[in-house]
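Okay, so here's the structure we're looking at.
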Amino acid sequence: MNTRSYLTPTKKYKTLISAIHAIYRLVNSTFELKDLVIRLDRLVCQIFNSQYCLIALLDPAKHHCMLRCLATGKKRYVMDKKAVLSNRIEKRIIKKLTVVRQERMLGIPLISEDISGLIIIKRDKKNPPFDKFDEEMLMTIGEQAIIGLRTLQLYDEQQKLALGSIKSLVTLLDTRVPQEYTHSPYFSHLVGIIANQMHLDTKQVESLKYASMLHDAGKADIPMQILTKTSKLTPYEYKIIKRHPLAGAHILRHLQILRPAIPIIMHHHEKYNGTGYPSRLKKGQIPLGARIMAVADAFEAMVYGRPYRERIDIHSAVKEIKKKSGSQFDPKVVEAFLKVVKKIKTKKYLQTGSKKL
């Protein structure tokens with residue numbers, strides 16, 4: 001028999017309030033959808049002493065599951081790929097928007113204006129069956145959780161739309177900027193693995209990824225005869241080239257999602273010793289993302305070459321990066337770069353470089 005059946009109304013109320021508070025703290029301290037689902041799954045198991053917990057989020061059409069987290073015993077499985085709903089109980093909860101309670105199994109719909117997902121929990125035979133109080137408590141927890149889940153779902157959808165817009169913008173810029181000046185498909189990856197080696201958090205890596213795609217956006221405003229010049233630039237022409245970080249920041253400043261990336265775009269040509277542009281920042285004054293970008297940008301420029309500079313081999317490029325550690329580049333970034341450069345697919349870099357040239 002369920003021990004909660006013997007709880008006094010006051011103790012039941014305290015138990016419910018404690019559970020709601022735990023969910024509230026969880027929702028307000030988690031900023032990634034998958035992470036929230038995993039942590040919620042774990043917490044629900046603890047609250048209800050259940051050995052099985054399934055949390056599933058649906059696509060807008062309600063025919064497919066977009067994210068599933070399933071705990072069985074001590075194991076937990078996460079699937080974030082689109083999958084058809086086939087389980088009879090799951091389909092019943094979604095179709096009828098109803099609670100299903102059968103002895104040691106309890107399932108509820110997650111509703112936010114419309115059905116958004118479901119939670120199903122189970123206990124083994126050593127534990128008492130679920131009662132009405134369990135049902136009411138799980139419903140209340142679900143009502144609190146779905147607010148955080150939907151908020152992060154909407155944020156993810158906005159991120160995907162924004163990323164699509166960014167990719168379209170990159171494609172447009174690439175038609176304006178000669179191919180010899182564009183980066184390889186591996187550039188963002190290189191920037192990302194340096195950032196991960198330096199233990200940047202998820203948001204910082206995301207901003208750096210956006211910046212890596214758009215850091216040369218300002219070159220769209222540079223006259224083509226200067227951009228494609230193969231001989232040495234005049235002081236006046238170089239002055240125009242040096243405007244592109246600020247021009248890029250100006251072009252992209254209205255996109256809310258790119259705001260954290262703007263300082264990286266603006267300062268990726270600063271030098272660690274303070275001789276770079278546009279603001280002659282030095283050392284820690286330069287955003288960390290811009291310091292990372294500077295190393296990756298210089299490496300690619302050397303490996304691929306430019307119309308005004310012959311390409312060199314990867315070993316020589318790495319040697320040059322090491323040589324300029326402490327002057328042009330942040331020594332800590334160089335240290336991280338040297339660790340990850342061994343992991344990059346150098347053959348693909350060379351093949352891509354030759355195709356570009």
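To be explicit about the labels: the chains of the structure tokens are called A, B, and onward in the order shown, and within each one the residues are counted from 1, while ligands get numbers from 1 in the order they are shown.
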- Message: Applying 12 Å and only C-alpha atoms, which residues near Ile166 in chain A remain after dropping the ones on its own chain fewer than 6 positions away? List them as a PyMOL selection string.
- Response: chain A and resi 159-160+172-173+209-215+217+252+255-258
- Query: Can you list, as a PyMOL selection string, every protein, DNA or RNA residue that comes within 10 Å of range 239-251 of chain A when you count only C-alpha atoms, leaving out same-chain residues fewer than 4 positions away?
  - Reply: chain A and resi 214-223+226-227+233-235+255+258-259+261-269+276-279
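Shortest atom-to-atom contact with Asp134 in chain A among A:Leu85, A:Leu154, A:Ala22, A:Val44: A:Val44, counting only C-alpha atoms.
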- Message: So that I can check the secondary structure, give me every residue of range 61-170 of chain A assigned alpha helix (DSSP H) by backbone DSSP, as number ranges by chain.
- Response: A: 88-96, 132-170
- Item | Residue nearest Lys132 in chain A - candidates A:Ser116, A:Ser29, A:Gln102, A:Ser18, atoms counted: only C-alpha atoms | A:Gln102
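Closest approach to Tyr272 in chain A among A:Val333, A:Met79, A:Ile312, A:Leu138 is made by A:Val333 (distances from only C-alpha atoms).
CA of Lys122 in chain A sits 26.9 Å away from CA of Pro60 in chain A.
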- Among range 19-249 of chain A, which residues carry a DSSP assignment of strand (DSSP E or B), reported as a ChimeraX atom specification? /A:52-58,64-72,75-79,83-84,100-102,105-112,114-122
- Name the residues in contact with Thr140 in chain A at a cut-off of 9 Å, using only C-alpha atoms, excluding same-chain residues fewer than 5 positions from it; report them as a list in words. Leu16, Ile20, Glu135 and Ala145 of chain A
- In Å, rounded to a single decimal, give me how far CA of Glu206 in chain A is from CA of Ala162 in chain A. 12.2 Å
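Near Ala61 in chain A, within 12 Å and counting only C-alpha atoms, sit A:Met66, A:Lys82, A:Val84, A:Leu85, A:Ile94, A:Lys95, A:Asp114, A:Ile115, A:Ser116, A:Gly117, not including residues fewer than 5 positions from it in the same chain.
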Quick one: write out the picked residues with all heavy atoms as a compact mmCIF listing (two decimals), in the first residue's frame?
```
# COMPACT_ATOMS: atom_id res chain seq x y z
N MET A 66 10.26 14.24 -30.92
CA MET A 66 11.48 14.93 -31.31
C MET A 66 12.61 14.75 -30.30
O MET A 66 13.77 14.88 -30.63
CB MET A 66 11.20 16.43 -31.49
CG MET A 66 10.13 16.73 -32.53
SD MET A 66 10.53 16.06 -34.17
CE MET A 66 11.94 17.07 -34.60
N LYS A 82 14.05 12.44 -34.80
CA LYS A 82 12.62 12.28 -35.06
C LYS A 82 12.25 10.80 -35.11
O LYS A 82 12.87 10.00 -35.81
CB LYS A 82 12.27 12.95 -36.39
CG LYS A 82 10.79 13.15 -36.63
CD LYS A 82 10.59 14.00 -37.88
CE LYS A 82 9.12 14.27 -38.13
NZ LYS A 82 8.92 15.10 -39.34
N VAL A 84 8.70 7.94 -34.90
CA VAL A 84 7.24 7.75 -34.92
C VAL A 84 6.78 7.20 -33.57
O VAL A 84 7.44 6.34 -32.98
CB VAL A 84 6.84 6.77 -36.05
CG1 VAL A 84 5.34 6.52 -36.03
CG2 VAL A 84 7.28 7.32 -37.39
N LEU A 85 5.66 7.70 -33.09
CA LEU A 85 5.08 7.18 -31.86
C LEU A 85 4.37 5.86 -32.14
O LEU A 85 3.50 5.79 -32.99
CB LEU A 85 4.09 8.19 -31.28
CG LEU A 85 4.69 9.48 -30.71
CD1 LEU A 85 3.61 10.51 -30.49
CD2 LEU A 85 5.43 9.20 -29.42
N ILE A 94 -1.65 10.99 -25.75
CA ILE A 94 -1.59 12.11 -26.69
C ILE A 94 -2.93 12.34 -27.39
O ILE A 94 -3.39 13.48 -27.53
CB ILE A 94 -0.47 11.87 -27.71
CG1 ILE A 94 0.88 11.92 -27.00
CG2 ILE A 94 -0.52 12.88 -28.85
CD1 ILE A 94 2.01 11.34 -27.80
N LYS A 95 -3.56 11.27 -27.82
CA LYS A 95 -4.81 11.40 -28.58
C LYS A 95 -5.95 11.90 -27.72
O LYS A 95 -6.74 12.77 -28.13
CB LYS A 95 -5.17 10.06 -29.21
CG LYS A 95 -6.37 10.14 -30.14
CD LYS A 95 -6.61 8.80 -30.83
CE LYS A 95 -7.81 8.88 -31.78
NZ LYS A 95 -8.05 7.58 -32.47
N ASP A 114 -1.50 23.48 -26.17
CA ASP A 114 -1.80 22.24 -26.88
C ASP A 114 -0.87 21.16 -26.34
O ASP A 114 0.08 21.46 -25.60
CB ASP A 114 -1.58 22.44 -28.39
CG ASP A 114 -2.19 21.31 -29.23
OD1 ASP A 114 -2.82 20.42 -28.63
OD2 ASP A 114 -2.01 21.33 -30.46
N ILE A 115 -1.12 19.93 -26.68
CA ILE A 115 -0.28 18.83 -26.22
C ILE A 115 1.15 19.02 -26.73
O ILE A 115 1.38 19.25 -27.92
CB ILE A 115 -0.84 17.46 -26.67
CG1 ILE A 115 0.06 16.30 -26.22
CG2 ILE A 115 -1.07 17.42 -28.16
CD1 ILE A 115 -0.02 16.00 -24.76
N SER A 116 2.13 18.97 -25.82
CA SER A 116 3.52 19.17 -26.18
C SER A 116 4.39 17.96 -25.89
O SER A 116 5.51 17.87 -26.38
CB SER A 116 4.09 20.38 -25.42
OG SER A 116 3.44 21.57 -25.79
N GLY A 117 3.87 17.04 -25.08
CA GLY A 117 4.66 15.87 -24.74
C GLY A 117 3.97 15.05 -23.67
O GLY A 117 2.77 15.20 -23.43
```
- Message: I want to know what sits within 9 Å of Ile147 in chain A, based on only C-alpha atoms, with residues of the same chain fewer than 5 positions away left out; could you give that as a PyMOL selection string?
- Response: chain A and resi 27+112+142+152
Dump of C-alpha atoms for the selected residues, as a short mmCIF file (atom, residue, chain, number, x, y, z; two decimals), in the first residue's frame:
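New file out22.cif:
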```
data_model
loop_
_atom_site.label_atom_id
_atom_site.label_comp_id
_atom_site.auth_asym_id
_atom_site.auth_seq_id
_atom_site.Cartn_x
_atom_site.Cartn_y
_atom_site.Cartn_z
CA VAL A 27 13.78 24.95 -14.66
CA SER A 112 0.94 24.15 -23.03
CA GLY A 142 4.11 18.62 -15.29
CA LEU A 152 13.59 26.27 -24.32
#
```
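Coordinates place CA of Val334 in chain A at a distance of 15.4 Å from CA of Met302 in chain A.
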- Selection near Pro331 in chain A, 10 Å with only C-alpha atoms, sequence-local residues under 3 positions removed, as an MDAnalysis selection string: chainID A and resid 272 283 291 321:322 324:328 334:337
With N, CA, C and O atoms retained, write the just-selected residues as a PDB file, in the first residue's frame.
```
ATOM      1  N   TYR A 272      48.136  40.537 -29.792  1.00  0.00           N
ATOM      2  CA  TYR A 272      48.337  40.379 -28.352  1.00  0.00           C
ATOM      3  C   TYR A 272      49.228  41.489 -27.775  1.00  0.00           C
ATOM      4  O   TYR A 272      49.084  41.885 -26.619  1.00  0.00           O
ATOM      5  N   LYS A 283      46.539  42.019 -25.013  1.00  0.00           N
ATOM      6  CA  LYS A 283      46.382  40.974 -23.995  1.00  0.00           C
ATOM      7  C   LYS A 283      44.913  40.747 -23.638  1.00  0.00           C
ATOM      8  O   LYS A 283      44.083  40.513 -24.500  1.00  0.00           O
ATOM      9  N   ARG A 291      40.757  36.368 -29.768  1.00  0.00           N
ATOM     10  CA  ARG A 291      42.125  35.831 -29.698  1.00  0.00           C
ATOM     11  C   ARG A 291      42.190  34.433 -30.312  1.00  0.00           C
ATOM     12  O   ARG A 291      43.177  34.083 -30.970  1.00  0.00           O
ATOM     13  N   ILE A 321      53.059  30.121 -36.212  1.00  0.00           N
ATOM     14  CA  ILE A 321      52.148  30.433 -35.101  1.00  0.00           C
ATOM     15  C   ILE A 321      52.921  30.402 -33.780  1.00  0.00           C
ATOM     16  O   ILE A 321      52.786  31.302 -32.940  1.00  0.00           O
ATOM     17  N   LYS A 322      53.751  29.373 -33.594  1.00  0.00           N
ATOM     18  CA  LYS A 322      54.547  29.255 -32.368  1.00  0.00           C
ATOM     19  C   LYS A 322      55.517  30.443 -32.235  1.00  0.00           C
ATOM     20  O   LYS A 322      55.712  30.977 -31.144  1.00  0.00           O
ATOM     21  N   LYS A 324      55.168  33.457 -33.240  1.00  0.00           N
ATOM     22  CA  LYS A 324      54.501  34.721 -32.916  1.00  0.00           C
ATOM     23  C   LYS A 324      53.655  34.647 -31.640  1.00  0.00           C
ATOM     24  O   LYS A 324      52.875  35.558 -31.350  1.00  0.00           O
ATOM     25  N   SER A 325      53.831  33.572 -30.880  1.00  0.00           N
ATOM     26  CA  SER A 325      53.166  33.459 -29.586  1.00  0.00           C
ATOM     27  C   SER A 325      53.725  34.523 -28.635  1.00  0.00           C
ATOM     28  O   SER A 325      54.939  34.659 -28.489  1.00  0.00           O
ATOM     29  N   GLY A 326      52.843  35.292 -28.032  1.00  0.00           N
ATOM     30  CA  GLY A 326      53.274  36.346 -27.112  1.00  0.00           C
ATOM     31  C   GLY A 326      53.402  37.700 -27.757  1.00  0.00           C
ATOM     32  O   GLY A 326      53.438  38.723 -27.071  1.00  0.00           O
ATOM     33  N   SER A 327      53.488  37.722 -29.099  1.00  0.00           N
ATOM     34  CA  SER A 327      53.539  39.004 -29.814  1.00  0.00           C
ATOM     35  C   SER A 327      52.225  39.219 -30.558  1.00  0.00           C
ATOM     36  O   SER A 327      51.403  40.049 -30.184  1.00  0.00           O
ATOM     37  N   GLN A 328      52.013  38.420 -31.606  1.00  0.00           N
ATOM     38  CA  GLN A 328      50.754  38.535 -32.336  1.00  0.00           C
ATOM     39  C   GLN A 328      49.632  37.741 -31.663  1.00  0.00           C
ATOM     40  O   GLN A 328      48.474  38.178 -31.665  1.00  0.00           O
ATOM     41  N   VAL A 334      47.632  29.759 -28.310  1.00  0.00           N
ATOM     42  CA  VAL A 334      48.615  29.009 -29.110  1.00  0.00           C
ATOM     43  C   VAL A 334      48.829  27.626 -28.502  1.00  0.00           C
ATOM     44  O   VAL A 334      48.897  26.609 -29.218  1.00  0.00           O
ATOM     45  N   GLU A 335      48.918  27.571 -27.180  1.00  0.00           N
ATOM     46  CA  GLU A 335      49.097  26.286 -26.491  1.00  0.00           C
ATOM     47  C   GLU A 335      47.937  25.335 -26.800  1.00  0.00           C
ATOM     48  O   GLU A 335      48.140  24.152 -27.092  1.00  0.00           O
ATOM     49  N   ALA A 336      46.706  25.870 -26.750  1.00  0.00           N
ATOM     50  CA  ALA A 336      45.528  25.046 -27.072  1.00  0.00           C
ATOM     51  C   ALA A 336      45.542  24.645 -28.539  1.00  0.00           C
ATOM     52  O   ALA A 336      45.223  23.497 -28.887  1.00  0.00           O
ATOM     53  N   PHE A 337      45.921  25.575 -29.411  1.00  0.00           N
ATOM     54  CA  PHE A 337      45.990  25.292 -30.848  1.00  0.00           C
ATOM     55  C   PHE A 337      46.964  24.153 -31.142  1.00  0.00           C
ATOM     56  O   PHE A 337      46.675  23.256 -31.937  1.00  0.00           O
TER      57      PHE A 337
END
```
- Query: Using only C-alpha atoms, which of A:His254, A:Arg150, A:Arg42, A:His199 sits nearest Tyr77 in chain A?
  - Reply: A:Arg42
